[in-house]
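> Supplied in structure tokens, the structure appears directly below.
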Amino acid sequence: MAPFLVEAAIKSLILVLLLLTGFAYLTLAERKLIADFQARIGPNRAGPYGLLQPLADAVKLFFKEDFIPEYADRVLFVLAPLITLIPTLLIFAVIPFGPELTLFGYRTRLQLTDVHVGVLYIVAVTSISVYGITLAGWASNNKYALLGGIRASAQMISYELAMGLAIVSVVLTTGTLQVSGIVEAQRNGWLIFLQPVAAVIFFITGLAEIKRAPFDLVEAEQELTAGYLTEYSSMKFALFFMSEYVKMIGFGALMTTFFLGGYLGPFVDLYPGLGVVYFTLKVGFLIFVLIWLRATLPRIRYDQLMSLGWKVLLPLSLANVMGTAVVVALTA
Amino acid sequence: MGELIAFYLLAGIAVATALAMVITRNAVHSALFLVLNLVVVAVFYLLLGAPFVAMVQIAVYAGAVMVLFLFVIMMLGAERVGGTTGLRWQVPLAGALGAALIGGTLFAFLRAPAGLAPVGSPPVPFGDPAAIGERLLTTYVLPFEITSVLLLIAMIGAVVLARDSGPEGK
């Protein structure tokens, strides 16, 4: 029992440190890339190429006034950023970053834990992650924040179903609920080729779940003055910001694992360490696409969001699941 | 031993959150205590070696159902429960029925303390998704189908009730 716990503790520590660094530099990467897309220069004052900008941002946020509105629900107002951040970190527990390898004479998997219902774990954790933002909106006791919170929960409920069904078709194709099993099943071809419809649905619904553009109407600045974020400042704001970017990484990691062959790539069996490189490259590419989309697409309207979710994506993913089931039953 | 400590700790949290859910006057807080309670129950399933049931419990109850509850409470702005609105005779009745339930459970438990005896380990693929799926579609196919029809009726009913009655409605 004890070696298992020590291993898990070390892995979690590395994972959290990596994610926090990733978050800090993702903010910089996003600002730089958006600047490039808009033919601007972007942050370039703090350090060479603006590399110290995340540090400067952090220091600035630390010294901001930590304000709690008079009529806010104080307990929930303070808890909401944490309730938002924790599920986004929890997702990474079942994502395999690389194959099994020997590290310092110790055989281990580059995955925190490989539970045999890993896919369900992912579904469960994503379904929990609605609470934080909804509660932030409610606890602020501010009409804009409340509207943002209600929009967030409506959006996430609507898109969760289609996303779940896209994952179901992945499970049907690979025949396993274990996340590492799904990756290993893609040795003969990535699932994006076997399940293109599910991949597209997962990508769109994933965008909506992490509330990235063009689905960012939860925090629409022009109409809702940033929605649930309105009353937040200082480190609480930073926590929301952090969970937003960690969610981007998490979305990239899930998409990579389910549809892009995870850590698989040429020579990965000879040099297992390469798996991490492939995984990072794939996730990095997806994150670039996310930023690209934000720089390109305008925000969609609320009624468009709802009709896309319920009238297009949900029936499509249902049909995809049925089709997959028939094919699997006939070929088995 | 460790499992026993974990059980008592979790049982304490489960009872405390259930009580808090009933006592709290704020509907949003009540809903959140219920979420905590449902999550603790999921951890119980994990302790019993049924991770599949635990994950479904979280995804369906703590996730989907309670999010909808919270959504409706927030939409209607119904978070403040009024003082003693309409609940006059229900309060003593609920108390009496609750006491009867506890009494009955205690009586049954003290007469044959089955809960204190070791149960023995469950069959090996216990709560396995494949096993549950197979049982649902073979042994328990009738209740399974009846439940699904019931859910379908409820869904259609909700759609019919929510529709605008006349063409001038919208």
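Every chain in the structure tokens takes a letter, A first, then B, and so on in the order presented; its residues are numbered from 1, and the ligands are numbered from 1 following the presented order.
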Residues of chain B near chain A: apply a cut-off of 12 Å, count only C-alpha atoms, and supply the list as a VMD selection string.
chain B and resid 2 26 28 to 29 31 to 32 35 to 36 38 to 39 42 46 49 to 79 125 127 to 130
> With a distance cut-off of 8 Å and only C-alpha atoms, select the neighbouring residues of Gln111 of chain A, excluding the residue or stretch itself and same-chain residues fewer than 5 positions from it, and output the selection as a list of chain:residue names.
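Skipping anything fewer than 5 positions along the chain leaves A:Lys11, A:Ala93, A:Val94, A:Ile95, A:Pro96, A:Phe97, A:Gly98.
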> Using only C-alpha atoms for the distances, tell me which of A:Tyr278, A:Tyr159, A:Phe77, A:Tyr71 is nearest to Gly206 of chain A.
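Comparing A:Tyr278, A:Tyr159, A:Phe77, A:Tyr71 against Gly206 of chain A, the winner is A:Tyr159.
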> Need the shell around Ile192 of chain A: protein/DNA/RNA residues with any atom at most 7 Å away, counting only C-alpha atoms. Skip same-chain ones fewer than 5 positions apart. Format as number ranges by chain?
A: 199, 259-260
> Okay, now the selection with N, CA, C and O atoms, as a PDB file, in the first residue's frame?

ATOM      1  N   ALA A 199     -15.533  12.421 -33.451  1.00  0.00           N
ATOM      2  CA  ALA A 199     -14.434  13.338 -33.180  1.00  0.00           C
ATOM      3  C   ALA A 199     -14.880  14.786 -33.341  1.00  0.00           C
ATOM      4  O   ALA A 199     -14.576  15.640 -32.502  1.00  0.00           O
ATOM      5  N   PHE A 259      -9.052  10.433 -29.603  1.00  0.00           N
ATOM      6  CA  PHE A 259      -9.142  10.416 -31.058  1.00  0.00           C
ATOM      7  C   PHE A 259      -7.792  10.493 -31.776  1.00  0.00           C
ATOM      8  O   PHE A 259      -7.717  10.144 -32.941  1.00  0.00           O
ATOM      9  N   LEU A 260      -6.756  10.998 -31.124  1.00  0.00           N
ATOM     10  CA  LEU A 260      -5.499  11.200 -31.845  1.00  0.00           C
ATOM     11  C   LEU A 260      -4.410  10.233 -31.401  1.00  0.00           C
ATOM     12  O   LEU A 260      -3.216  10.518 -31.517  1.00  0.00           O
TER      13      LEU A 260
END
> At a cut-off of 9 Å, using only C-alpha atoms, what residues contact segment 249-252 of chain A? Leave out same-chain residues fewer than 3 positions from it and give the result as a list in words.
Leu19, Gly22, Phe23, Leu26, Thr88, Leu89, Ile91, Phe92, Phe203, Gly206, Leu207, Ile210, Tyr245, Val246, Met255, Thr256, Thr257, Lys282, Val283, Gly284, Phe285, Leu286 and Ile287 of chain A
> Just list the residues in segment 22-191 of chain A DSSP gives strand (DSSP E) on the backbone, as a list in words.
Gly98, Pro99, Glu100, Leu101, Thr102, Leu103, Tyr106, Arg107, Thr108, Arg109 and Leu110 of chain A
> Could you dump the residues just selected with all heavy atoms as a PDB file, in the first residue's frame?

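Done, and the output landed in out-v6.pdb:
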ATOM      1  N   GLY A  98       2.134   8.684 -21.315  1.00  0.00           N
ATOM      2  CA  GLY A  98       3.113   7.898 -22.034  1.00  0.00           C
ATOM      3  C   GLY A  98       2.905   6.432 -21.724  1.00  0.00           C
ATOM      4  O   GLY A  98       2.095   6.088 -20.863  1.00  0.00           O
ATOM      5  N   PRO A  99       3.598   5.557 -22.435  1.00  0.00           N
ATOM      6  CA  PRO A  99       3.441   4.122 -22.192  1.00  0.00           C
ATOM      7  C   PRO A  99       4.149   3.702 -20.905  1.00  0.00           C
ATOM      8  O   PRO A  99       4.781   4.521 -20.231  1.00  0.00           O
ATOM      9  CB  PRO A  99       4.102   3.503 -23.412  1.00  0.00           C
ATOM     10  CG  PRO A  99       5.109   4.505 -23.838  1.00  0.00           C
ATOM     11  CD  PRO A  99       4.570   5.853 -23.475  1.00  0.00           C
ATOM     12  N   GLU A 100       4.058   2.427 -20.597  1.00  0.00           N
ATOM     13  CA  GLU A 100       4.739   1.894 -19.427  1.00  0.00           C
ATOM     14  C   GLU A 100       6.239   1.944 -19.678  1.00  0.00           C
ATOM     15  O   GLU A 100       6.703   1.587 -20.759  1.00  0.00           O
ATOM     16  CB  GLU A 100       4.305   0.453 -19.205  1.00  0.00           C
ATOM     17  CG  GLU A 100       4.194   0.078 -17.757  1.00  0.00           C
ATOM     18  CD  GLU A 100       3.611  -1.317 -17.593  1.00  0.00           C
ATOM     19  OE1 GLU A 100       2.856  -1.737 -18.479  1.00  0.00           O
ATOM     20  OE2 GLU A 100       3.927  -1.952 -16.603  1.00  0.00           O
ATOM     21  N   LEU A 101       7.006   2.421 -18.717  1.00  0.00           N
ATOM     22  CA  LEU A 101       8.455   2.469 -18.946  1.00  0.00           C
ATOM     23  C   LEU A 101       9.192   2.283 -17.627  1.00  0.00           C
ATOM     24  O   LEU A 101       8.603   2.330 -16.549  1.00  0.00           O
ATOM     25  CB  LEU A 101       8.855   3.794 -19.617  1.00  0.00           C
ATOM     26  CG  LEU A 101       8.387   5.116 -19.019  1.00  0.00           C
ATOM     27  CD1 LEU A 101       9.161   5.471 -17.775  1.00  0.00           C
ATOM     28  CD2 LEU A 101       8.566   6.208 -20.046  1.00  0.00           C
ATOM     29  N   THR A 102      10.506   2.050 -17.747  1.00  0.00           N
ATOM     30  CA  THR A 102      11.317   1.849 -16.563  1.00  0.00           C
ATOM     31  C   THR A 102      12.050   3.143 -16.244  1.00  0.00           C
ATOM     32  O   THR A 102      12.792   3.667 -17.062  1.00  0.00           O
ATOM     33  CB  THR A 102      12.333   0.723 -16.804  1.00  0.00           C
ATOM     34  OG1 THR A 102      11.640  -0.386 -17.348  1.00  0.00           O
ATOM     35  CG2 THR A 102      12.997   0.316 -15.510  1.00  0.00           C
ATOM     36  N   LEU A 103      11.769   3.674 -15.047  1.00  0.00           N
ATOM     37  CA  LEU A 103      12.350   4.938 -14.652  1.00  0.00           C
ATOM     38  C   LEU A 103      13.148   4.704 -13.373  1.00  0.00           C
ATOM     39  O   LEU A 103      12.593   4.272 -12.358  1.00  0.00           O
ATOM     40  CB  LEU A 103      11.222   5.953 -14.410  1.00  0.00           C
ATOM     41  CG  LEU A 103      11.512   7.408 -14.765  1.00  0.00           C
ATOM     42  CD1 LEU A 103      11.805   7.553 -16.242  1.00  0.00           C
ATOM     43  CD2 LEU A 103      10.322   8.263 -14.381  1.00  0.00           C
ATOM     44  N   TYR A 106      12.567   1.452 -11.912  1.00  0.00           N
ATOM     45  CA  TYR A 106      11.241   1.225 -11.341  1.00  0.00           C
ATOM     46  C   TYR A 106      10.235   1.234 -12.470  1.00  0.00           C
ATOM     47  O   TYR A 106      10.138   2.194 -13.214  1.00  0.00           O
ATOM     48  CB  TYR A 106      10.945   2.333 -10.327  1.00  0.00           C
ATOM     49  CG  TYR A 106       9.712   2.111  -9.518  1.00  0.00           C
ATOM     50  CD1 TYR A 106       9.706   1.211  -8.456  1.00  0.00           C
ATOM     51  CD2 TYR A 106       8.543   2.815  -9.797  1.00  0.00           C
ATOM     52  CE1 TYR A 106       8.576   0.998  -7.711  1.00  0.00           C
ATOM     53  CE2 TYR A 106       7.399   2.603  -9.053  1.00  0.00           C
ATOM     54  CZ  TYR A 106       7.428   1.691  -8.015  1.00  0.00           C
ATOM     55  OH  TYR A 106       6.300   1.492  -7.278  1.00  0.00           O
ATOM     56  N   ARG A 107       9.502   0.113 -12.619  1.00  0.00           N
ATOM     57  CA  ARG A 107       8.568  -0.017 -13.735  1.00  0.00           C
ATOM     58  C   ARG A 107       7.286   0.767 -13.402  1.00  0.00           C
ATOM     59  O   ARG A 107       6.619   0.498 -12.412  1.00  0.00           O
ATOM     60  CB  ARG A 107       8.246  -1.494 -13.939  1.00  0.00           C
ATOM     61  CG  ARG A 107       7.517  -1.766 -15.230  1.00  0.00           C
ATOM     62  CD  ARG A 107       8.475  -2.349 -16.289  1.00  0.00           C
ATOM     63  NE  ARG A 107       7.759  -2.536 -17.554  1.00  0.00           N
ATOM     64  CZ  ARG A 107       8.136  -1.974 -18.683  1.00  0.00           C
ATOM     65  NH1 ARG A 107       9.185  -1.198 -18.734  1.00  0.00           N
ATOM     66  NH2 ARG A 107       7.461  -2.197 -19.793  1.00  0.00           N
ATOM     67  N   THR A 108       6.972   1.718 -14.234  1.00  0.00           N
ATOM     68  CA  THR A 108       5.782   2.497 -13.918  1.00  0.00           C
ATOM     69  C   THR A 108       5.109   2.979 -15.186  1.00  0.00           C
ATOM     70  O   THR A 108       5.678   2.962 -16.266  1.00  0.00           O
ATOM     71  CB  THR A 108       6.144   3.708 -13.039  1.00  0.00           C
ATOM     72  OG1 THR A 108       4.932   4.395 -12.733  1.00  0.00           O
ATOM     73  CG2 THR A 108       7.090   4.653 -13.738  1.00  0.00           C
ATOM     74  N   ARG A 109       3.867   3.384 -15.039  1.00  0.00           N
ATOM     75  CA  ARG A 109       3.081   3.908 -16.128  1.00  0.00           C
ATOM     76  C   ARG A 109       3.052   5.434 -15.993  1.00  0.00           C
ATOM     77  O   ARG A 109       2.966   5.937 -14.870  1.00  0.00           O
ATOM     78  CB  ARG A 109       1.668   3.360 -15.969  1.00  0.00           C
ATOM     79  CG  ARG A 109       0.958   3.184 -17.248  1.00  0.00           C
ATOM     80  CD  ARG A 109      -0.280   2.340 -17.035  1.00  0.00           C
ATOM     81  NE  ARG A 109      -0.348   1.292 -18.038  1.00  0.00           N
ATOM     82  CZ  ARG A 109      -0.387   1.521 -19.338  1.00  0.00           C
ATOM     83  NH1 ARG A 109      -0.368   2.739 -19.811  1.00  0.00           N
ATOM     84  NH2 ARG A 109      -0.458   0.538 -20.193  1.00  0.00           N
ATOM     85  N   LEU A 110       3.124   6.150 -17.089  1.00  0.00           N
ATOM     86  CA  LEU A 110       3.080   7.609 -17.002  1.00  0.00           C
ATOM     87  C   LEU A 110       1.618   8.054 -16.938  1.00  0.00           C
ATOM     88  O   LEU A 110       1.104   8.721 -17.815  1.00  0.00           O
ATOM     89  CB  LEU A 110       3.780   8.236 -18.205  1.00  0.00           C
ATOM     90  CG  LEU A 110       5.295   8.034 -18.209  1.00  0.00           C
ATOM     91  CD1 LEU A 110       5.902   8.678 -19.426  1.00  0.00           C
ATOM     92  CD2 LEU A 110       5.904   8.598 -16.951  1.00  0.00           C
TER      93      LEU A 110
END
> Can you pull out every residue within 10 Å of Ala208 of chain A, counting only C-alpha atoms, but drop anything in the same chain fewer than 5 positions away, and send it as a ChimeraX atom specification?
/A:152,155-156,158-160,163,202-203,213-218,305,309
> Distance atom CA of Leu172 of chain A-atom CA of Phe193 of chain A, one decimal place?
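Atom-to-atom, atom CA of Leu172 of chain A and atom CA of Phe193 of chain A are spaced 14.9 Å apart.
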> Figure out the distance between atom CA of Thr205 of chain A and atom CA of Glu244 of chain A, please, to one decimal in Å.
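A separation of 15.7 Å between them.
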